[in-house]
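Structure file data-v7.cif (mmCIF, C-alpha atoms) follows.
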data_data
loop_
_atom_site.label_atom_id
_atom_site.label_comp_id
_atom_site.auth_asym_id
_atom_site.auth_seq_id
_atom_site.Cartn_x
_atom_site.Cartn_y
_atom_site.Cartn_z
CA MET V 235 17.97 -27.00 -50.09
CA ALA V 236 18.87 -23.31 -50.16
CA ASP V 237 17.86 -20.11 -48.41
CA VAL V 238 15.79 -17.57 -50.35
CA LEU V 239 14.86 -14.04 -49.27
CA ILE V 240 11.51 -12.40 -50.01
CA LEU V 241 11.35 -8.60 -49.77
CA MET V 242 7.88 -7.14 -49.19
CA THR V 243 6.23 -3.77 -48.76
CA LYS V 244 5.24 -2.71 -45.26
CA ALA V 245 2.91 0.03 -46.55
CA LYS V 246 -0.75 -0.15 -45.62
CA THR V 247 -1.73 2.79 -47.81
CA LEU V 248 -0.56 4.58 -50.95
CA GLY V 249 -0.57 8.36 -51.06
CA LEU V 250 -2.35 9.68 -54.16
CA LEU V 251 -1.90 12.97 -56.00
CA ASP V 252 -5.22 14.30 -54.71
CA GLY V 253 -4.06 13.88 -51.11
CA ARG V 254 -6.01 10.72 -50.34
CA GLN V 255 -4.44 7.71 -48.66
CA HIS V 256 -5.61 4.70 -50.66
CA ALA V 257 -5.83 1.42 -48.71
CA SER V 258 -3.17 -0.86 -50.13
CA GLY V 259 -0.45 -3.36 -49.16
CA PHE V 260 1.01 -6.45 -50.81
CA TRP V 261 -0.98 -8.41 -53.41
CA ALA V 262 -1.84 -11.81 -51.96
CA GLU V 263 -1.39 -13.90 -55.11
CA GLU V 264 2.00 -12.32 -55.79
CA PHE V 265 3.24 -13.48 -52.40
CA VAL V 266 1.49 -16.81 -51.88
CA VAL V 267 2.09 -18.40 -55.29
CA PRO V 268 5.88 -17.86 -55.40
CA TYR V 269 6.23 -18.57 -51.67
CA GLU V 270 4.52 -21.94 -52.00
CA ARG V 271 6.57 -22.82 -55.08
CA LEU V 272 9.81 -22.05 -53.25
CA VAL V 273 8.78 -24.12 -50.25
CA ALA V 274 7.70 -26.99 -52.52
CA GLU V 275 11.18 -26.91 -54.07
CA GLY V 276 12.65 -27.41 -50.59
CA HIS V 277 13.92 -23.89 -50.00
CA ASN V 278 14.01 -22.11 -46.65
CA VAL V 279 12.29 -18.76 -47.06
CA ASP V 280 13.03 -15.60 -45.04
CA ILE V 281 10.82 -12.51 -45.25
CA ALA V 282 12.00 -8.92 -44.77
CA THR V 283 10.37 -5.48 -44.81
CA VAL V 284 11.47 -1.93 -44.16
CA GLY V 285 11.60 -1.51 -40.40
CA GLY V 286 10.71 -5.15 -39.82
CA GLU V 287 7.03 -4.18 -39.82
CA ALA V 288 4.43 -6.85 -40.52
CA PRO V 289 3.20 -6.55 -44.13
CA THR V 290 -0.49 -5.99 -44.83
CA PRO V 291 -2.35 -7.73 -47.67
CA ASP V 292 -4.31 -5.47 -50.00
CA GLU V 293 -7.98 -6.19 -49.27
CA GLY V 294 -8.69 -6.19 -52.99
CA SER V 295 -6.37 -9.16 -53.43
CA LEU V 296 -8.50 -11.08 -50.93
CA THR V 297 -11.81 -10.18 -52.61
CA PRO V 298 -13.03 -12.69 -55.24
CA TYR V 299 -14.70 -9.99 -57.34
CA VAL V 300 -11.52 -7.89 -57.56
CA VAL V 301 -9.33 -10.93 -58.17
CA GLY V 302 -11.69 -11.87 -60.99
CA LEU V 303 -11.18 -8.49 -62.62
CA THR V 304 -7.45 -9.22 -62.96
CA ARG V 305 -7.97 -12.69 -64.41
CA PRO V 306 -7.39 -12.94 -68.18
CA GLN V 307 -10.46 -13.57 -70.29
CA GLY V 308 -11.09 -17.26 -70.84
CA SER V 309 -9.07 -18.47 -67.84
CA PRO V 310 -10.78 -20.76 -65.30
CA ASP V 311 -12.73 -19.08 -62.50
CA HIS V 312 -11.33 -20.34 -59.21
CA ASP V 313 -11.38 -16.92 -57.55
CA GLU V 314 -13.25 -17.86 -54.38
CA GLU V 315 -11.15 -20.97 -53.77
CA ASN V 316 -7.95 -19.09 -54.48
CA VAL V 317 -8.83 -16.25 -52.14
CA GLU V 318 -9.67 -18.64 -49.32
CA HIS V 319 -6.34 -20.37 -49.87
CA TYR V 320 -4.43 -17.06 -49.87
CA LYS V 321 -6.10 -16.11 -46.58
CA GLN V 322 -5.19 -19.44 -45.02
CA VAL V 323 -1.55 -19.22 -46.04
CA ILE V 324 -1.12 -15.58 -45.03
CA GLY V 325 -2.78 -16.16 -41.67
CA SER V 326 -0.66 -19.19 -40.87
CA LEU V 327 2.86 -17.84 -41.42
CA PRO V 328 4.69 -16.55 -38.31
CA ALA V 329 7.33 -14.94 -40.55
CA LEU V 330 4.71 -12.52 -41.88
CA LYS V 331 3.93 -11.36 -38.36
CA ALA V 332 7.58 -10.74 -37.44
CA PRO V 333 9.66 -10.23 -40.59
CA THR V 334 13.33 -9.32 -40.65
CA ASP V 335 14.23 -5.63 -40.80
CA VAL V 336 16.06 -4.96 -44.08
CA ALA V 337 18.30 -2.54 -42.17
CA GLY V 338 19.84 -5.51 -40.35
CA ILE V 339 20.71 -7.49 -43.48
CA THR V 340 24.46 -7.36 -44.06
CA ARG V 341 26.22 -7.99 -47.34
CA GLU V 342 27.66 -11.17 -45.87
CA ARG V 343 24.24 -12.43 -44.82
CA LEU V 344 22.80 -11.60 -48.21
CA ALA V 345 25.58 -13.57 -49.91
CA GLY V 346 24.27 -16.66 -48.14
CA TYR V 347 20.99 -16.56 -50.06
CA ALA V 348 20.57 -18.47 -53.31
CA GLY V 349 18.28 -15.75 -54.67
CA VAL V 350 15.90 -12.94 -53.80
CA TYR V 351 12.26 -12.33 -54.71
CA ILE V 352 10.59 -8.91 -54.45
CA SER V 353 6.85 -9.29 -54.03
CA GLY V 354 4.42 -6.73 -55.44
CA GLY V 355 1.30 -4.76 -54.67
CA HIS V 356 0.57 -1.03 -55.03
CA GLY V 357 1.92 -0.57 -51.50
CA ALA V 358 5.40 -1.16 -52.90
CA MET V 359 5.20 2.25 -54.59
CA GLU V 360 4.86 3.89 -51.17
CA ASP V 361 7.90 2.60 -49.28
CA MET V 362 10.25 0.68 -51.58
CA PRO V 363 11.57 3.59 -53.67
CA HIS V 364 12.16 5.69 -50.53
CA SER V 365 14.12 3.35 -48.25
CA SER V 366 17.90 3.74 -48.31
CA ASP V 367 18.18 0.43 -46.44
CA LEU V 368 16.19 -1.42 -49.08
CA THR V 369 18.08 0.26 -51.91
CA ARG V 370 21.37 -0.80 -50.34
CA VAL V 371 20.21 -4.42 -50.14
CA VAL V 372 19.01 -4.41 -53.77
CA ARG V 373 22.33 -2.90 -54.88
CA TRP V 374 24.16 -5.71 -53.08
CA ILE V 375 21.92 -8.28 -54.80
CA LEU V 376 23.10 -6.98 -58.16
CA GLU V 377 26.74 -6.79 -57.07
CA LEU V 378 26.61 -10.38 -55.80
CA ASP V 379 24.98 -11.46 -59.08
CA LEU V 380 22.19 -13.25 -57.23
CA PRO V 381 19.09 -14.34 -59.16
CA LEU V 382 16.51 -11.61 -58.60
CA ALA V 383 12.81 -12.13 -59.34
CA VAL V 384 10.41 -9.18 -59.17
CA VAL V 385 6.70 -8.92 -59.94
CA CYS V 386 4.15 -6.22 -60.77
CA HIS V 387 4.86 -3.15 -58.58
CA GLY V 388 7.82 -4.73 -56.80
CA GLN V 389 9.91 -3.18 -59.57
CA SER V 390 9.45 0.10 -57.66
CA ALA V 391 12.39 -1.09 -55.55
CA LEU V 392 14.64 -0.87 -58.61
CA LEU V 393 14.02 2.81 -59.36
CA PRO V 394 16.45 4.50 -56.93
CA LEU V 395 19.45 2.29 -57.82
CA ARG V 396 22.52 4.12 -59.12
CA ASP V 397 26.07 2.94 -59.83
CA SER V 398 29.29 4.77 -58.91
CA SER V 399 28.93 7.01 -61.96
CA GLY V 400 25.34 7.93 -61.10
CA ARG V 401 23.80 5.78 -63.83
CA TRP V 402 20.96 3.31 -63.37
CA PRO V 403 22.68 -0.13 -63.30
CA LEU V 404 19.78 -1.83 -65.09
CA GLU V 405 19.88 0.45 -68.12
CA GLY V 406 19.38 -1.65 -71.27
CA TYR V 407 17.88 -4.63 -69.42
CA ARG V 408 14.78 -6.22 -70.88
CA MET V 409 12.06 -6.27 -68.24
CA THR V 410 8.37 -5.99 -67.57
CA ALA V 411 6.19 -4.58 -64.76
CA PHE V 412 2.59 -3.53 -64.24
CA SER V 413 1.70 -1.70 -67.43
CA HIS V 414 0.31 1.78 -67.92
CA ASP V 415 -2.67 0.19 -69.69
CA GLU V 416 -3.40 -1.87 -66.59
CA GLU V 417 -3.02 1.17 -64.30
CA MET V 418 -5.61 3.01 -66.41
CA VAL V 419 -8.33 0.51 -65.51
CA THR V 420 -7.71 0.66 -61.75
CA ASP V 421 -9.57 2.99 -59.43
CA MET V 422 -6.36 5.02 -58.99
CA ALA V 423 -5.94 5.95 -62.65
CA GLY V 424 -4.48 9.43 -62.98
CA GLN V 425 -3.82 9.74 -59.24
CA LEU V 426 -0.71 7.57 -58.77
CA PRO V 427 2.49 9.26 -57.53
CA PHE V 428 4.26 7.81 -60.59
CA VAL V 429 3.58 5.34 -63.40
CA LEU V 430 5.97 2.43 -63.02
CA GLN V 431 6.22 1.52 -66.70
CA MET V 432 7.06 5.10 -67.63
CA GLU V 433 9.67 5.43 -64.89
CA LEU V 434 11.41 2.23 -65.96
CA GLU V 435 11.43 3.38 -69.57
CA ARG V 436 12.74 6.81 -68.56
CA LEU V 437 15.65 5.18 -66.75
CA GLY V 438 16.54 3.09 -69.80
CA ALA V 439 14.73 -0.23 -69.37
CA ARG V 440 13.73 -2.13 -72.51
CA TYR V 441 10.16 -2.52 -71.29
CA GLU V 442 7.95 -5.33 -72.61
CA LYS V 443 4.33 -6.29 -71.91
CA ALA V 444 1.74 -8.89 -72.81
CA ALA V 445 -0.48 -8.39 -75.86
CA ALA V 446 -3.55 -7.96 -73.62
CA ILE V 447 -3.93 -6.56 -70.10
CA TRP V 448 -3.87 -9.12 -67.28
CA ASP V 449 -2.22 -11.78 -69.48
CA SER V 450 0.78 -13.49 -67.90
CA HIS V 451 4.12 -12.14 -69.09
CA VAL V 452 7.61 -12.91 -67.75
CA VAL V 453 10.92 -11.56 -69.02
CA GLU V 454 14.37 -12.93 -68.20
CA ASP V 455 17.53 -10.92 -68.82
CA ARG V 456 20.75 -12.03 -67.17
CA ASN V 457 19.97 -12.64 -63.48
CA LEU V 458 16.84 -10.47 -63.51
CA ILE V 459 13.45 -12.16 -63.85
CA THR V 460 10.40 -9.89 -63.98
CA GLY V 461 6.65 -10.53 -64.07
CA GLN V 462 4.05 -8.07 -65.32
CA ASN V 463 1.00 -8.52 -63.12
CA PRO V 464 -0.67 -10.77 -60.52
CA TYR V 465 -1.49 -13.43 -63.08
CA SER V 466 2.22 -13.64 -63.94
CA SER V 467 3.04 -14.92 -60.45
CA SER V 468 2.96 -18.61 -61.36
CA ALA V 469 5.13 -18.28 -64.46
CA LEU V 470 7.53 -16.03 -62.57
CA ALA V 471 7.77 -18.58 -59.76
CA ASP V 472 8.49 -21.33 -62.31
CA ALA V 473 11.28 -19.31 -63.93
CA PHE V 474 12.78 -18.35 -60.57
CA ALA V 475 12.68 -21.93 -59.27
CA LYS V 476 14.41 -23.17 -62.42
CA ARG V 477 17.10 -20.52 -62.08
CA LEU V 478 17.72 -21.48 -58.46
CA ALA V 479 17.90 -25.18 -59.34
CA ALA V 480 20.40 -24.52 -62.12
CA ALA V 481 22.64 -22.57 -59.73
CA GLN V 482 22.87 -25.38 -57.16
#

Structure re-expressed in structure tokens:
Amino acid sequence: MADVLILMTKAKTLGLLDGRQHASGFWAEEFVVPYERLVAEGHNVDIATVGGEAPTPDEGSLTPYVVGLTRPQGSPDHDEENVEHYKQVIGSLPALKAPTDVAGITRERLAGYAGVYISGGHGAMEDMPHSSDLTRVVRWILELDLPLAVVCHGQSALLPLRDSSGRWPLEGYRMTAFSHDEEMVTDMAGQLPFVLQMELERLGARYEKAAAIWDSHVVEDRNLITGQNPYSSSALADAFAKRLAAAQ
């Protein structure tokens, strides 16, 4: 049994280019599926956010119709059952109501974790790239060579990283994240503060994506494990759990 840390967005909204505040938060599937896999593997799971504020699920991720839109064609329709399960899990976890403040996580405490998972959701674009506390913790994760799993928009937390020479430390890494093609079919197309795929590519990531939007896609490069979209959550959790098991 090992301790695992989950980093989550605290943002309830995402500021758009036209000045609107779009209701947002974390994506339920991207939290619940990996969380349950980690617990099933016997791990103790801690949750942390910027400021220690309780994270808010994106209402779309708890709406069967919206969840169905992000399900790959031909996959089984269990949207209503899944959403009810996500609601039950999210509503039952005390750690989601009183998460740890990332500002209080020391390097020594972080070294006690077997690995770290950064959960996604459009809300991650609002707070994760702009928190010096979170950036410090992510930098320590890389320095400690801990397994790091990140999904969808959680990769926003990787953008502000810089090494001592001012370079992005993940330059040349193979990775994935929510694709530009997928952004273009959301109701925020053309209004996002940045396009995650393009920012990762600009910094030097070797970006990869699935052949079709919404298909599951996971990339592993060194200790970094990345998932493309909500439907990648299960495969990402599998890869992360295997990495943690191999390290024990």

Q: Enumerate, as a list of chain:residue names, the residues matched when the PyMOL selection byres ((chain V and resi 362) around 9) is run on the file above.
A: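 That expression, the PyMOL selection byres ((chain V and resi 362) around 9), corresponds here to V:Met242, V:Thr243, V:Lys244, V:Ala245, V:Val284, V:Gly357, V:Ala358, V:Met359, V:Glu360, V:Asp361, V:Pro363, V:His364, V:Ser365, V:Ser366, V:Leu368, V:Thr369, V:Gly388, V:Gln389, V:Ser390, V:Ala391, V:Leu392, V:Leu393.
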
Q: Starting from the shown file, work through the PyMOL selection byres ((chain V and resi 467) around 8) and note down what comes out as a PyMOL selection string.
A: chain V and resi 263-264+267-268+385+450+461+463-466+468-471

Just want the 9 Å neighbourhood of Asn316 in chain V, counted on all atoms listed in the file, with same-chain residues fewer than 5 positions away dropped. Output as a short mmCIF file (atom, residue, chain, number, x, y, z; two decimals) with C-alpha atoms, keeping the file's coordinate frame.
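Output file result10.cif follows:
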data_model
loop_
_atom_site.label_atom_id
_atom_site.label_comp_id
_atom_site.auth_asym_id
_atom_site.auth_seq_id
_atom_site.Cartn_x
_atom_site.Cartn_y
_atom_site.Cartn_z
CA GLU V 263 -1.39 -13.90 -55.11
CA LEU V 296 -8.50 -11.08 -50.93
CA PRO V 298 -13.03 -12.69 -55.24
CA LYS V 321 -6.10 -16.11 -46.58
#

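The spacing separating CA of Trp448 in chain V from CA of Thr304 in chain V amounts to 5.6 Å.
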
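Around Gln255 in chain V, within 12 Å and counting only C-alpha atoms, the residues found are Ala245, Lys246, Thr247, Leu248, Gly249, Leu250, Leu251, Asp252, Ser258, Gly259, His356, Gly357, Glu360, Met422, Gln425, Leu426 and Pro427 of chain V, once anything fewer than 3 positions away on its own chain is removed.
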
Q: Might you pull out every residue within 8 Å of range 332-346 of chain V, with all atoms listed in the file counted and same-chain residues fewer than 2 positions away left off, and present them as number ranges by chain?
A: V: 237, 280-288, 328-330, 348, 367-368, 371, 374-375, 378

Q.
Using Å and a single decimal, report how far CA of His387 in chain V sits from CA of Gln431 in chain V.
A. 9.5 Å

Q.
Once the PyMOL selection byres ((chain V and resi 410) around 12) is applied to the coordinates I shared, what remains selected? I want it as number ranges by chain.
A. V: 383-390, 407-409, 411-414, 430-435, 439-444, 450-455, 458-463, 466, 470

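In this structure, CA of Ala445 in chain V sits 27.7 Å away from CA of Tyr320 in chain V.
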
Q: Go through V:Ala423, V:Val238, V:Val300, V:Ile324 one by one, measure the shortest atom-to-atom distance of each to Ile352 in chain V using only C-alpha atoms, and give the residue with the smallest value.
A: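 Result for the nearest residue to Ile352 in chain V: V:Val238.
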
Complete the atoms of range 382-400 of chain V to N, CA, C and O atoms and put them out as a compact mmCIF listing (two decimals), keeping the file's coordinate frame.
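File out_12.txt, as written:
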# COMPACT_ATOMS: atom_id res chain seq x y z
N LEU V 382 17.47 -12.55 -59.17
CA LEU V 382 16.51 -11.61 -58.60
C LEU V 382 15.21 -11.67 -59.40
O LEU V 382 15.19 -11.37 -60.59
N ALA V 383 14.14 -12.07 -58.72
CA ALA V 383 12.81 -12.13 -59.34
C ALA V 383 11.95 -11.02 -58.75
O ALA V 383 11.97 -10.79 -57.53
N VAL V 384 11.22 -10.32 -59.60
CA VAL V 384 10.41 -9.18 -59.17
C VAL V 384 9.10 -9.19 -59.94
O VAL V 384 9.09 -9.45 -61.15
N VAL V 385 7.99 -8.88 -59.26
CA VAL V 385 6.70 -8.92 -59.94
C VAL V 385 5.91 -7.63 -59.75
O VAL V 385 5.98 -6.99 -58.70
N CYS V 386 5.21 -7.23 -60.79
CA CYS V 386 4.15 -6.22 -60.77
C CYS V 386 4.64 -4.84 -60.34
O CYS V 386 5.24 -4.13 -61.12
N HIS V 387 4.39 -4.43 -59.09
CA HIS V 387 4.86 -3.15 -58.58
C HIS V 387 6.10 -3.30 -57.71
O HIS V 387 6.64 -2.29 -57.23
N GLY V 388 6.57 -4.53 -57.53
CA GLY V 388 7.82 -4.73 -56.80
C GLY V 388 8.99 -4.07 -57.50
O GLY V 388 10.00 -3.72 -56.86
N GLN V 389 8.86 -3.85 -58.82
CA GLN V 389 9.91 -3.18 -59.57
C GLN V 389 10.13 -1.74 -59.10
O GLN V 389 11.13 -1.12 -59.46
N SER V 390 9.24 -1.22 -58.26
CA SER V 390 9.45 0.10 -57.66
C SER V 390 10.76 0.13 -56.88
O SER V 390 11.40 1.19 -56.76
N ALA V 391 11.16 -1.01 -56.33
CA ALA V 391 12.39 -1.09 -55.55
C ALA V 391 13.64 -0.88 -56.40
O ALA V 391 14.72 -0.60 -55.88
N LEU V 392 13.50 -1.01 -57.72
CA LEU V 392 14.64 -0.87 -58.61
C LEU V 392 14.90 0.58 -59.01
O LEU V 392 16.00 0.91 -59.48
N LEU V 393 13.93 1.45 -58.83
CA LEU V 393 14.02 2.81 -59.36
C LEU V 393 15.16 3.64 -58.78
O LEU V 393 15.83 4.37 -59.53
N PRO V 394 15.42 3.60 -57.46
CA PRO V 394 16.45 4.50 -56.93
C PRO V 394 17.89 3.99 -57.09
O PRO V 394 18.82 4.69 -56.68
N LEU V 395 18.10 2.82 -57.67
CA LEU V 395 19.45 2.29 -57.82
C LEU V 395 20.31 3.20 -58.70
O LEU V 395 19.85 3.70 -59.72
N ARG V 396 21.56 3.39 -58.30
CA ARG V 396 22.52 4.12 -59.12
C ARG V 396 23.90 3.48 -58.90
O ARG V 396 24.21 3.02 -57.81
N ASP V 397 24.72 3.47 -59.97
CA ASP V 397 26.07 2.94 -59.83
C ASP V 397 27.02 4.08 -59.43
O ASP V 397 26.59 5.21 -59.17
N SER V 398 28.31 3.79 -59.38
CA SER V 398 29.29 4.77 -58.91
C SER V 398 29.37 6.01 -59.80
O SER V 398 29.82 7.06 -59.37
N SER V 399 28.91 5.88 -61.04
CA SER V 399 28.93 7.01 -61.96
C SER V 399 27.59 7.74 -62.00
O SER V 399 27.42 8.67 -62.79
N GLY V 400 26.65 7.29 -61.17
CA GLY V 400 25.34 7.93 -61.10
C GLY V 400 24.34 7.41 -62.11
O GLY V 400 23.24 7.94 -62.22
